[in-house]
>>> print(open('entry_22.pdb').read())   # PDB, C-alpha atoms
ATOM      1  CA  MET W  27       5.339  -8.815 -21.941
ATOM      2  CA  ASN W  28       5.200  -5.532 -20.031
ATOM      3  CA  ARG W  29       6.674  -4.747 -16.604
ATOM      4  CA  HIS W  30       3.326  -5.005 -14.753
ATOM      5  CA  ARG W  31       2.621  -8.460 -16.144
ATOM      6  CA  ILE W  32       6.106  -9.786 -15.307
ATOM      7  CA  LEU W  33       5.781  -8.488 -11.737
ATOM      8  CA  GLY W  34       2.241  -9.911 -11.423
ATOM      9  CA  LEU W  35       3.337 -13.363 -12.568
ATOM     10  CA  SER W  36       6.389 -13.242 -10.279
ATOM     11  CA  ALA W  37       4.069 -12.344  -7.401
ATOM     12  CA  LEU W  38       1.924 -15.414  -8.106
ATOM     13  CA  VAL W  39       5.012 -17.665  -8.077
ATOM     14  CA  VAL W  40       6.422 -16.272  -4.806
ATOM     15  CA  ILE W  41       2.967 -16.368  -3.161
ATOM     16  CA  ALA W  42       2.774 -20.083  -4.065
ATOM     17  CA  ILE W  43       6.225 -20.616  -2.513
ATOM     18  CA  GLY W  44       5.158 -18.702   0.610
ATOM     19  CA  LEU W  45       1.975 -20.773   0.901
ATOM     20  CA  TYR W  46       4.010 -23.972   0.553
ATOM     21  CA  PHE W  47       6.484 -23.043   3.324
ATOM     22  CA  GLY W  48       3.594 -21.796   5.471
ATOM     23  CA  SER W  49       1.762 -25.099   5.132
ATOM     24  CA  GLN W  50       4.917 -27.155   5.933
ATOM     25  CA  ALA W  51       6.119 -25.165   8.968
ATOM     26  CA  PRO W  52       5.550 -26.692  12.418
ATOM     27  CA  LEU W  53       2.712 -25.354  14.567
ATOM     28  CA  ASP W  54       3.001 -23.521  17.852
ATOM     29  CA  GLY W  55       2.247 -25.795  20.808
ATOM     30  CA  LEU W  56      -0.354 -23.455  22.306
ATOM     31  CA  GLN W  57      -1.983 -21.922  19.223
ATOM     32  CA  GLY W  58      -2.047 -24.923  16.882
ATOM     33  CA  GLU W  59      -3.416 -24.130  13.400
ATOM     34  CA  TYR W  60      -3.899 -20.454  14.291
ATOM     35  CA  THR W  61      -0.093 -20.043  13.998
ATOM     36  CA  ARG W  62      -0.562 -19.978  10.211
ATOM     37  CA  ILE W  63      -2.391 -16.625  10.392
ATOM     38  CA  MET W  64       1.021 -15.180  11.326
ATOM     39  CA  TYR W  65       2.234 -15.796   7.740
ATOM     40  CA  VAL W  66      -0.223 -13.237   6.370
ATOM     41  CA  HIS W  67      -0.615 -10.952   9.402
ATOM     42  CA  VAL W  68       3.067 -10.167  10.079
ATOM     43  CA  PRO W  69       4.066  -9.633   6.384
ATOM     44  CA  SER W  70       1.062  -7.278   5.962
ATOM     45  CA  ALA W  71       2.208  -5.196   8.941
ATOM     46  CA  TRP W  72       5.876  -5.150   7.837
ATOM     47  CA  LEU W  73       4.945  -4.176   4.279
ATOM     48  CA  ALA W  74       2.809  -1.349   5.673
ATOM     49  CA  TYR W  75       5.889  -0.100   7.562
ATOM     50  CA  LEU W  76       8.034  -0.455   4.422
ATOM     51  CA  SER W  77       5.460   1.464   2.333
ATOM     52  CA  PHE W  78       5.487   4.383   4.772
ATOM     53  CA  LEU W  79       9.296   4.307   4.881
ATOM     54  CA  VAL W  80       9.344   4.629   1.076
ATOM     55  CA  THR W  81       6.928   7.567   1.416
ATOM     56  CA  LEU W  82       9.254   9.206   3.964
ATOM     57  CA  VAL W  83      12.264   8.909   1.633
ATOM     58  CA  ALA W  84      10.280  10.033  -1.455
ATOM     59  CA  SER W  85       8.844  13.011   0.482
ATOM     60  CA  ILE W  86      12.328  14.150   1.542
ATOM     61  CA  LEU W  87      13.510  13.757  -2.068
ATOM     62  CA  TRP W  88      10.580  15.832  -3.372
ATOM     63  CA  LEU W  89      11.369  18.644  -0.913
ATOM     64  CA  THR W  90      15.052  18.636  -1.897
ATOM     65  CA  LYS W  91      14.987  17.813  -5.639
ATOM     66  CA  ARG W  92      11.486  19.043  -6.682
ATOM     67  CA  ARG W  93      10.928  16.262  -9.205
ATOM     68  CA  LEU W  94       7.316  15.098  -9.541
ATOM     69  CA  VAL W  95       8.361  11.455  -9.805
ATOM     70  CA  PHE W  96       9.116  11.481  -6.046
ATOM     71  CA  ASP W  97       5.654  12.841  -5.248
ATOM     72  CA  ARG W  98       4.158  10.110  -7.422
ATOM     73  CA  VAL W  99       6.122   7.435  -5.522
ATOM     74  CA  ALA W 100       5.170   8.937  -2.130
ATOM     75  CA  GLU W 101       1.455   8.979  -2.964
ATOM     76  CA  SER W 102       1.455   5.494  -4.485
ATOM     77  CA  SER W 103       3.297   4.034  -1.521
ATOM     78  CA  VAL W 104       0.832   5.562   0.963
ATOM     79  CA  SER W 105      -2.148   4.056  -0.920
ATOM     80  CA  ILE W 106      -0.526   0.627  -0.813
ATOM     81  CA  GLY W 107       0.598   1.112   2.800
ATOM     82  CA  VAL W 108      -2.983   1.892   3.812
ATOM     83  CA  PHE W 109      -4.080  -1.274   1.997
ATOM     84  CA  PHE W 110      -1.510  -3.408   3.879
ATOM     85  CA  THR W 111      -2.360  -1.729   7.205
ATOM     86  CA  ALA W 112      -6.034  -2.606   6.642
ATOM     87  CA  LEU W 113      -5.007  -6.227   5.941
ATOM     88  CA  ALA W 114      -2.870  -6.306   9.113
ATOM     89  CA  LEU W 115      -5.745  -4.935  11.192
ATOM     90  CA  MET W 116      -8.290  -7.372   9.714
ATOM     91  CA  THR W 117      -6.098 -10.462  10.028
ATOM     92  CA  GLY W 118      -5.102  -9.359  13.530
ATOM     93  CA  MET W 119      -8.755  -9.261  14.545
ATOM     94  CA  ILE W 120      -9.394 -12.670  12.941
ATOM     95  CA  TRP W 121      -6.364 -14.092  14.819
ATOM     96  CA  GLY W 122      -7.226 -12.346  18.075
ATOM     97  CA  TYR W 123     -10.743 -13.680  18.444
ATOM     98  CA  PRO W 124      -9.954 -17.424  18.725
ATOM     99  CA  VAL W 125      -6.602 -16.918  20.509
ATOM    100  CA  TRP W 126      -7.243 -13.980  22.867
ATOM    101  CA  GLY W 127     -11.040 -14.226  22.994
ATOM    102  CA  THR W 128     -11.568 -10.749  21.541
ATOM    103  CA  PHE W 129     -11.492  -9.065  18.135
ATOM    104  CA  TRP W 130     -10.227  -5.794  19.572
ATOM    105  CA  ASP W 131      -8.693  -4.542  22.803
ATOM    106  CA  TRP W 132      -8.781  -0.785  23.342
ATOM    107  CA  GLY W 133      -5.918  -1.071  25.822
ATOM    108  CA  ASP W 134      -3.497  -2.841  23.458
ATOM    109  CA  ALA W 135      -0.777  -0.410  22.417
ATOM    110  CA  ARG W 136       0.086  -2.166  19.124
ATOM    111  CA  MET W 137      -3.550  -2.276  17.970
ATOM    112  CA  MET W 138      -4.204   1.339  18.904
ATOM    113  CA  THR W 139      -1.023   2.765  17.348
ATOM    114  CA  THR W 140      -1.595   0.731  14.156
ATOM    115  CA  ALA W 141      -5.181   1.981  13.928
ATOM    116  CA  LEU W 142      -3.922   5.542  14.498
ATOM    117  CA  MET W 143      -1.320   5.036  11.751
ATOM    118  CA  PHE W 144      -4.073   3.796   9.405
ATOM    119  CA  PHE W 145      -6.283   6.853   9.983
ATOM    120  CA  VAL W 146      -3.413   9.369   9.728
ATOM    121  CA  TYR W 147      -2.358   7.959   6.332
ATOM    122  CA  VAL W 148      -6.004   7.900   5.154
ATOM    123  CA  GLY W 149      -5.906  11.598   6.119
ATOM    124  CA  TYR W 150      -2.786  11.988   3.917
ATOM    125  CA  LEU W 151      -4.781  10.687   0.929
ATOM    126  CA  ALA W 152      -7.700  12.991   1.807
ATOM    127  CA  LEU W 153      -5.309  15.973   2.034
ATOM    128  CA  ARG W 154      -4.018  15.254  -1.468
ATOM    129  CA  ARG W 155      -7.532  15.313  -2.877
ATOM    130  CA  SER W 156      -8.224  18.714  -1.324
ATOM    131  CA  ILE W 157      -5.343  20.599  -3.062
ATOM    132  CA  PRO W 158      -5.702  21.172  -6.836
ATOM    133  CA  ASP W 159      -2.255  22.730  -7.460
ATOM    134  CA  PRO W 160       0.265  19.874  -8.100
ATOM    135  CA  ALA W 161       3.329  21.597  -6.572
ATOM    136  CA  MET W 162       1.490  22.783  -3.458
ATOM    137  CA  ARG W 163      -0.155  19.358  -3.109
ATOM    138  CA  ALA W 164       3.219  17.625  -3.330
ATOM    139  CA  THR W 165       4.858  19.953  -0.787
ATOM    140  CA  ARG W 166       2.102  19.808   1.816
ATOM    141  CA  SER W 167       1.666  16.058   1.542
ATOM    142  CA  ALA W 168       5.466  15.605   1.728
ATOM    143  CA  VAL W 169       5.484  17.461   5.056
ATOM    144  CA  LEU W 170       2.691  15.204   6.323
ATOM    145  CA  GLY W 171       4.463  12.137   4.889
ATOM    146  CA  ILE W 172       7.552  13.026   6.939
ATOM    147  CA  VAL W 173       5.732  13.993  10.164
ATOM    148  CA  ALA W 174       3.369  10.988  10.065
ATOM    149  CA  PHE W 175       6.272   8.550   9.829
ATOM    150  CA  PHE W 176       6.906   8.821  13.582
ATOM    151  CA  LEU W 177       3.866   6.517  13.927
ATOM    152  CA  VAL W 178       5.786   3.647  12.299
ATOM    153  CA  PRO W 179       8.505   3.232  14.965
ATOM    154  CA  LEU W 180       5.863   4.071  17.572
ATOM    155  CA  SER W 181       3.678   1.189  16.339
ATOM    156  CA  TYR W 182       6.652  -1.186  16.071
ATOM    157  CA  MET W 183       8.098  -0.308  19.491
ATOM    158  CA  SER W 184       4.703   0.018  21.227
ATOM    159  CA  VAL W 185       4.974  -3.555  22.551
ATOM    160  CA  LEU W 186       8.051  -2.484  24.520
ATOM    161  CA  ILE W 187       6.335   0.584  25.945
ATOM    162  CA  VAL W 188       3.111  -1.128  27.088
ATOM    163  CA  ARG W 189       2.837  -4.911  27.402
ATOM    164  CA  THR W 190      -0.743  -6.035  26.882
ATOM    165  CA  LEU W 191      -2.017  -8.698  24.471
ATOM    166  CA  HIS W 192       0.677  -8.497  21.786
ATOM    167  CA  GLN W 193       3.930 -10.309  22.493
ATOM    168  CA  GLY W 194       7.209  -8.378  22.552
ATOM    169  CA  ILE W 195       9.587  -8.035  19.577
ATOM    170  CA  THR W 196      10.505 -11.606  18.543
ATOM    171  CA  VAL W 197      12.148 -11.872  15.105
ATOM    172  CA  ALA W 198      14.461  -8.836  15.360
ATOM    173  CA  ARG W 199      15.773  -9.871  18.816
ATOM    174  CA  PRO W 200      19.432 -11.002  18.850
ATOM    175  CA  ASP W 201      18.472 -14.095  20.931
ATOM    176  CA  SER W 202      15.328 -14.774  18.878
ATOM    177  CA  PRO W 203      13.577 -17.918  20.163
ATOM    178  CA  ILE W 204      11.748 -18.461  16.827
ATOM    179  CA  ASP W 205      12.015 -21.919  15.216
ATOM    180  CA  GLY W 206      14.094 -22.061  11.993
ATOM    181  CA  GLU W 207      11.293 -23.525   9.847
ATOM    182  CA  ILE W 208       8.772 -21.007  11.169
ATOM    183  CA  LEU W 209      11.251 -18.191  10.427
ATOM    184  CA  LEU W 210      11.782 -19.530   6.884
ATOM    185  CA  ALA W 211       8.006 -19.639   6.289
ATOM    186  CA  LEU W 212       7.635 -16.132   7.693
ATOM    187  CA  LEU W 213      10.472 -14.663   5.622
ATOM    188  CA  SER W 214       9.307 -16.395   2.416
ATOM    189  CA  ASN W 215       5.902 -14.771   2.910
ATOM    190  CA  VAL W 216       7.527 -11.400   3.619
ATOM    191  CA  GLY W 217       9.394 -11.849   0.314
ATOM    192  CA  ALA W 218       6.143 -12.747  -1.473
ATOM    193  CA  PHE W 219       4.350  -9.706  -0.060
ATOM    194  CA  THR W 220       7.294  -7.511  -1.100
ATOM    195  CA  VAL W 221       6.874  -8.643  -4.726
ATOM    196  CA  VAL W 222       3.124  -7.923  -4.407
ATOM    197  CA  TYR W 223       4.049  -4.437  -3.109
ATOM    198  CA  LEU W 224       6.345  -3.881  -6.118
ATOM    199  CA  THR W 225       3.563  -5.002  -8.504
ATOM    200  CA  PHE W 226       1.102  -2.579  -6.919
ATOM    201  CA  MET W 227       3.714   0.213  -6.973
ATOM    202  CA  SER W 228       4.374  -0.365 -10.659
ATOM    203  CA  LEU W 229       0.645  -0.109 -11.458
ATOM    204  CA  LYS W 230      -0.050   2.785  -9.077
ATOM    205  CA  THR W 231       2.846   4.972 -10.268
ATOM    206  CA  ALA W 232       1.806   4.369 -13.907
ATOM    207  CA  ILE W 233      -1.745   5.495 -12.993
ATOM    208  CA  ALA W 234      -0.379   8.585 -11.208
ATOM    209  CA  ARG W 235       1.754   9.451 -14.271
ATOM    210  CA  GLY W 236      -1.311   9.117 -16.529
ATOM    211  CA  GLU W 237      -3.383  11.287 -14.197
ATOM    212  CA  GLU W 238      -0.666  13.969 -14.265
ATOM    213  CA  GLU W 239      -0.803  13.949 -18.077
ATOM    214  CA  LEU W 240      -4.598  14.342 -17.925
ATOM    215  CA  GLU W 241      -4.216  17.255 -15.496
ATOM    216  CA  GLU W 242      -1.711  18.896 -17.864
ATOM    217  CA  GLN W 243      -4.064  18.375 -20.826
ATOM    218  CA  SER W 244      -7.015  19.912 -18.991
ATOM    219  CA  ALA W 245      -4.809  22.828 -17.762
ATOM    220  CA  ALA W 246      -3.752  23.471 -21.385
ATOM    221  CA  VAL W 247      -7.411  23.547 -22.463
ATOM    222  CA  ASP W 248      -8.271  25.938 -19.603
ATOM    223  CA  ALA W 249      -5.379  28.227 -20.568
ATOM    224  CA  THR W 250      -6.598  28.549 -24.169
ATOM    225  CA  PRO W 251      -8.413  31.909 -24.622
ATOM    226  CA  ALA W 252     -12.127  31.722 -25.366
ATOM    227  CA  GLY W 253     -12.743  31.622 -29.112
ATOM    228  CA  ALA W 254      -9.171  30.598 -29.954
ATOM    229  CA  ALA W 255     -10.431  27.431 -31.613
ATOM    230  CA  ILE W 256     -12.644  29.403 -34.032
ATOM    231  CA  THR W 257     -10.898  29.907 -37.369
ATOM    232  CA  ALA W 258     -11.147  33.238 -39.102
ATOM    233  CA  PRO W 259     -13.581  33.323 -42.053
ATOM    234  CA  ASN W 260     -11.998  33.098 -45.504
ATOM    235  CA  LEU W 261     -12.861  36.555 -46.846
ATOM    236  CA  GLU W 262     -11.205  35.961 -50.236
ATOM    237  CA  LYS W 263     -13.904  33.450 -51.133
ATOM    238  CA  VAL W 264     -16.628  35.795 -49.887
ATOM    239  CA  ARG W 265     -15.349  38.531 -52.237
ATOM    240  CA  ASP W 266     -15.355  36.133 -55.165
ATOM    241  CA  VAL W 267     -19.044  35.444 -54.643
TER     242      VAL W 267
ATOM    243  CA  MET E   2      -5.315 -25.458   6.934
ATOM    244  CA  SER E   3      -8.503 -27.059   8.104
ATOM    245  CA  ASN E   4      -9.300 -24.317  10.614
ATOM    246  CA  GLY E   5     -12.124 -21.967   9.581
ATOM    247  CA  TRP E   6     -10.521 -18.817  11.038
ATOM    248  CA  VAL E   7      -7.244 -19.532   9.229
ATOM    249  CA  VAL E   8      -9.034 -20.089   5.923
ATOM    250  CA  PHE E   9     -11.033 -16.897   6.506
ATOM    251  CA  ALA E  10      -7.825 -14.878   7.103
ATOM    252  CA  TYR E  11      -6.213 -16.231   3.914
ATOM    253  CA  VAL E  12      -9.380 -15.617   1.865
ATOM    254  CA  ILE E  13      -9.504 -12.017   3.144
ATOM    255  CA  VAL E  14      -5.830 -11.330   2.360
ATOM    256  CA  TYR E  15      -5.595 -12.956  -1.069
ATOM    257  CA  GLY E  16      -9.131 -11.945  -2.027
ATOM    258  CA  PHE E  17      -8.356  -8.290  -1.349
ATOM    259  CA  MET E  18      -5.000  -8.573  -3.109
ATOM    260  CA  ILE E  19      -6.614  -9.972  -6.274
ATOM    261  CA  GLY E  20      -9.366  -7.366  -6.048
ATOM    262  CA  TYR E  21      -6.897  -4.485  -5.589
ATOM    263  CA  ALA E  22      -4.698  -5.733  -8.453
ATOM    264  CA  GLY E  23      -7.795  -5.945 -10.689
ATOM    265  CA  PHE E  24      -8.919  -2.474  -9.639
ATOM    266  CA  LEU E  25      -5.474  -0.967 -10.371
ATOM    267  CA  THR E  26      -5.278  -2.723 -13.760
ATOM    268  CA  MET E  27      -8.722  -1.449 -14.801
ATOM    269  CA  ARG E  28      -7.891   2.060 -13.591
ATOM    270  CA  LEU E  29      -4.605   2.084 -15.503
ATOM    271  CA  ARG E  30      -6.391   1.013 -18.690
ATOM    272  CA  SER E  31      -9.037   3.704 -18.196
ATOM    273  CA  VAL E  32      -6.414   6.442 -17.583
ATOM    274  CA  ARG E  33      -4.408   5.345 -20.646
ATOM    275  CA  ARG E  34      -7.553   5.410 -22.812
ATOM    276  CA  ARG E  35      -8.350   8.936 -21.611
ATOM    277  CA  VAL E  36      -4.774  10.141 -22.225
ATOM    278  CA  GLU E  37      -4.739   8.736 -25.755
ATOM    279  CA  GLY E  38      -8.309   9.698 -26.617
TER     280      GLY E  38
END
>>> encode(input="entry_22.pdb", output="structure tokens")
Amino acid sequence: MNRHRILGLSALVVIAIGLYFGSQAPLDGLQGEYTRIMYVHVPSAWLAYLSFLVTLVASILWLTKRRLVFDRVAESSVSIGVFFTALALMTGMIWGYPVWGTFWDWGDARMMTTALMFFVYVGYLALRRSIPDPAMRATRSAVLGIVAFFLVPLSYMSVLIVRTLHQGITVARPDSPIDGEILLALLSNVGAFTVVYLTFMSLKTAIARGEEELEEQSAAVDATPAGAAITAPNLEKVRDV
Amino acid sequence: MSNGWVVFAYVIVYGFMIGYAGFLTMRLRSVRRRVEG
């Protein structure tokens, strides 16, 4: 059994555990059943932050060590981070409508900074596609991967800067008021989403490695002089005739 | 999980996850085929 399959199966098991704890956890007195959206919304947002943190570290490593594996990790992590950010935005809208009465609030700092983060990292992926040279592509996207990371703490801390619809920081507070069972359900789902992230990373980095090989193959073909594949005629035989 | 919005959120999240995993698996197979072939 290969690495991708083991990770995929592990992801299924931990997702089942996360779903179990999520279904057993008590409900919030005000929100009722809608509390359960938290178990997919919050892990999606945290995994998006983690993905961009991995990109930051891999980008710094590329700039210092110049090994393509770090560029591969940075790119793969951004793709997956964008995916998790999209999930966080979608589930946030689904949660917001019944609880806050609106899908979107243009004045909410957390929503706006997360949307900004989403579009900046989509721009990172677009930038990569616009540069054909692998080394230049890696360097320029590493710079963007480092600069863009300021959006992660900005998105996380935005609830402290402007208080609108989103509640303040809850889990990471020293005097966290969160119920133990709710915290267990939340953390088990964060764990499950982390295994999903690792599965996606394993697949995505393998794809990136394959694409690099294809690029090298096509560069080798381009570098071959025209007519090099044509073999010289065997003149000995011609003379015999 | 009898609430429609909750079910919708879970369907979106796990639906996209399965879809993305399938997409990545297919893409990996295609890249490997092209590298070998």
>>> resolve_selection(input="entry_22.pdb", expression="the PyMOL selection byres ((chain E) within 8 of (chain W))", output="JSON, numbers by chain")
{"E": [2, 3, 4, 6, 7, 9, 10, 11, 13, 14, 22, 25, 26, 28, 29, 32, 33, 35, 36]}
>>> write_last_selection(input="entry_22.pdb", atoms="C-alpha atoms", output="mmCIF file, keeping the file's coordinate frame")
data_model
loop_
_atom_site.group_PDB
_atom_site.id
_atom_site.type_symbol
_atom_site.label_atom_id
_atom_site.label_comp_id
_atom_site.auth_asym_id
_atom_site.auth_seq_id
_atom_site.Cartn_x
_atom_site.Cartn_y
_atom_site.Cartn_z
ATOM 1 C CA MET E 2 -5.315 -25.458 6.934
ATOM 2 C CA SER E 3 -8.503 -27.059 8.104
ATOM 3 C CA ASN E 4 -9.300 -24.317 10.614
ATOM 4 C CA TRP E 6 -10.521 -18.817 11.038
ATOM 5 C CA VAL E 7 -7.244 -19.532 9.229
ATOM 6 C CA PHE E 9 -11.033 -16.897 6.506
ATOM 7 C CA ALA E 10 -7.825 -14.878 7.103
ATOM 8 C CA TYR E 11 -6.213 -16.231 3.914
ATOM 9 C CA ILE E 13 -9.504 -12.017 3.144
ATOM 10 C CA VAL E 14 -5.830 -11.330 2.360
ATOM 11 C CA ALA E 22 -4.698 -5.733 -8.453
ATOM 12 C CA LEU E 25 -5.474 -0.967 -10.371
ATOM 13 C CA THR E 26 -5.278 -2.723 -13.760
ATOM 14 C CA ARG E 28 -7.891 2.060 -13.591
ATOM 15 C CA LEU E 29 -4.605 2.084 -15.503
ATOM 16 C CA VAL E 32 -6.414 6.442 -17.583
ATOM 17 C CA ARG E 33 -4.408 5.345 -20.646
ATOM 18 C CA ARG E 35 -8.350 8.936 -21.611
ATOM 19 C CA VAL E 36 -4.774 10.141 -22.225
#
>>> closest_residue(input="entry_22.pdb", among="W:Ala249, W:Val197, W:Val104, W:Ala37", to="E:Ile19", atoms="only C-alpha atoms")
W:Ala37
>>> atom_distance(input="entry_22.pdb", atom1="atom CA of W:Asn28", atom2="atom CA of E:Met27")
15.4 Å
>>> resolve_selection(input="entry_22.pdb", expression="the PyMOL selection byres ((chain W and resi 211) around 10)", output="number ranges by chain")
W: 43-52, 62, 64-65, 206-210, 212-217
>>> closest_residue(input="entry_22.pdb", among="W:Arg29, W:Arg154, W:Arg199, W:Arg189", to="W:Ala100", atoms="all atoms listed in the file")
W:Arg154
>>> atom_distance(input="entry_22.pdb", atom1="atom CA of E:Tyr15", atom2="atom CA of W:Ser103")
19.2 Å
>>> axis_aligned_box(input="entry_22.pdb", around="stretch 13-21 of chain E", padding_each_side="6 Å", output="JSON")
{"center_x": -7.3, "center_y": -8.7, "center_z": -1.6, "size_x": 16.5, "size_y": 20.5, "size_z": 21.4}
>>> resolve_selection(input="entry_22.pdb", expression="the PyMOL selection byres ((chain W and resi 142) around 12)", output="number ranges by chain")
W: 108, 111-112, 115, 132, 135-141, 143-149, 174-178, 180-181
>>> atom_distance(input="entry_22.pdb", atom1="atom CA of W:Gly107", atom2="atom CA of W:Tyr75")
7.2 Å
>>> closest_residue(input="entry_22.pdb", among="W:Ser36, W:Arg31, W:Leu94, W:Gln57", to="W:Met162", atoms="all atoms listed in the file")
W:Leu94
>>> decode(input="entry_22.pdb", residues="stretch 8-26 of chain E", atoms="N, CA and C atoms", output="PDB file, in the first residue's frame")
ATOM      1  N   VAL E   8     -26.654  20.255   7.597  1.00  0.00           N
ATOM      2  CA  VAL E   8     -26.424  19.182   6.623  1.00  0.00           C
ATOM      3  C   VAL E   8     -25.779  19.766   5.358  1.00  0.00           C
ATOM      4  N   PHE E   9     -26.281  20.911   4.929  1.00  0.00           N
ATOM      5  CA  PHE E   9     -25.749  21.577   3.736  1.00  0.00           C
ATOM      6  C   PHE E   9     -24.257  21.898   3.918  1.00  0.00           C
ATOM      7  N   ALA E  10     -23.902  22.435   5.097  1.00  0.00           N
ATOM      8  CA  ALA E  10     -22.491  22.781   5.366  1.00  0.00           C
ATOM      9  C   ALA E  10     -21.607  21.534   5.313  1.00  0.00           C
ATOM     10  N   TYR E  11     -22.074  20.438   5.914  1.00  0.00           N
ATOM     11  CA  TYR E  11     -21.287  19.199   5.932  1.00  0.00           C
ATOM     12  C   TYR E  11     -21.169  18.602   4.525  1.00  0.00           C
ATOM     13  N   VAL E  12     -22.266  18.681   3.756  1.00  0.00           N
ATOM     14  CA  VAL E  12     -22.237  18.152   2.381  1.00  0.00           C
ATOM     15  C   VAL E  12     -21.235  18.950   1.545  1.00  0.00           C
ATOM     16  N   ILE E  13     -21.249  20.276   1.723  1.00  0.00           N
ATOM     17  CA  ILE E  13     -20.299  21.136   0.987  1.00  0.00           C
ATOM     18  C   ILE E  13     -18.864  20.745   1.342  1.00  0.00           C
ATOM     19  N   VAL E  14     -18.555  20.669   2.627  1.00  0.00           N
ATOM     20  CA  VAL E  14     -17.178  20.424   3.068  1.00  0.00           C
ATOM     21  C   VAL E  14     -16.695  19.039   2.620  1.00  0.00           C
ATOM     22  N   TYR E  15     -17.452  18.004   2.958  1.00  0.00           N
ATOM     23  CA  TYR E  15     -16.974  16.651   2.639  1.00  0.00           C
ATOM     24  C   TYR E  15     -17.123  16.339   1.150  1.00  0.00           C
ATOM     25  N   GLY E  16     -18.109  16.930   0.518  1.00  0.00           N
ATOM     26  CA  GLY E  16     -18.262  16.773  -0.935  1.00  0.00           C
ATOM     27  C   GLY E  16     -17.059  17.338  -1.670  1.00  0.00           C
ATOM     28  N   PHE E  17     -16.666  18.562  -1.297  1.00  0.00           N
ATOM     29  CA  PHE E  17     -15.500  19.180  -1.934  1.00  0.00           C
ATOM     30  C   PHE E  17     -14.214  18.423  -1.600  1.00  0.00           C
ATOM     31  N   MET E  18     -14.128  17.919  -0.383  1.00  0.00           N
ATOM     32  CA  MET E  18     -12.915  17.169  -0.005  1.00  0.00           C
ATOM     33  C   MET E  18     -12.775  15.909  -0.861  1.00  0.00           C
ATOM     34  N   ILE E  19     -13.884  15.178  -1.012  1.00  0.00           N
ATOM     35  CA  ILE E  19     -13.849  13.946  -1.829  1.00  0.00           C
ATOM     36  C   ILE E  19     -13.532  14.315  -3.278  1.00  0.00           C
ATOM     37  N   GLY E  20     -14.167  15.371  -3.752  1.00  0.00           N
ATOM     38  CA  GLY E  20     -13.942  15.818  -5.132  1.00  0.00           C
ATOM     39  C   GLY E  20     -12.491  16.221  -5.362  1.00  0.00           C
ATOM     40  N   TYR E  21     -11.919  16.973  -4.422  1.00  0.00           N
ATOM     41  CA  TYR E  21     -10.530  17.441  -4.555  1.00  0.00           C
ATOM     42  C   TYR E  21      -9.556  16.260  -4.491  1.00  0.00           C
ATOM     43  N   ALA E  22      -9.842  15.314  -3.573  1.00  0.00           N
ATOM     44  CA  ALA E  22      -8.983  14.123  -3.465  1.00  0.00           C
ATOM     45  C   ALA E  22      -9.040  13.326  -4.777  1.00  0.00           C
ATOM     46  N   GLY E  23     -10.227  13.187  -5.348  1.00  0.00           N
ATOM     47  CA  GLY E  23     -10.386  12.475  -6.620  1.00  0.00           C
ATOM     48  C   GLY E  23      -9.650  13.179  -7.741  1.00  0.00           C
ATOM     49  N   PHE E  24      -9.784  14.510  -7.764  1.00  0.00           N
ATOM     50  CA  PHE E  24      -9.110  15.312  -8.795  1.00  0.00           C
ATOM     51  C   PHE E  24      -7.591  15.154  -8.706  1.00  0.00           C
ATOM     52  N   LEU E  25      -7.048  15.224  -7.472  1.00  0.00           N
ATOM     53  CA  LEU E  25      -5.597  15.100  -7.283  1.00  0.00           C
ATOM     54  C   LEU E  25      -5.109  13.702  -7.668  1.00  0.00           C
ATOM     55  N   THR E  26      -5.911  12.676  -7.329  1.00  0.00           N
ATOM     56  CA  THR E  26      -5.521  11.297  -7.659  1.00  0.00           C
ATOM     57  C   THR E  26      -5.469  11.104  -9.177  1.00  0.00           C
TER      58      THR E  26
END
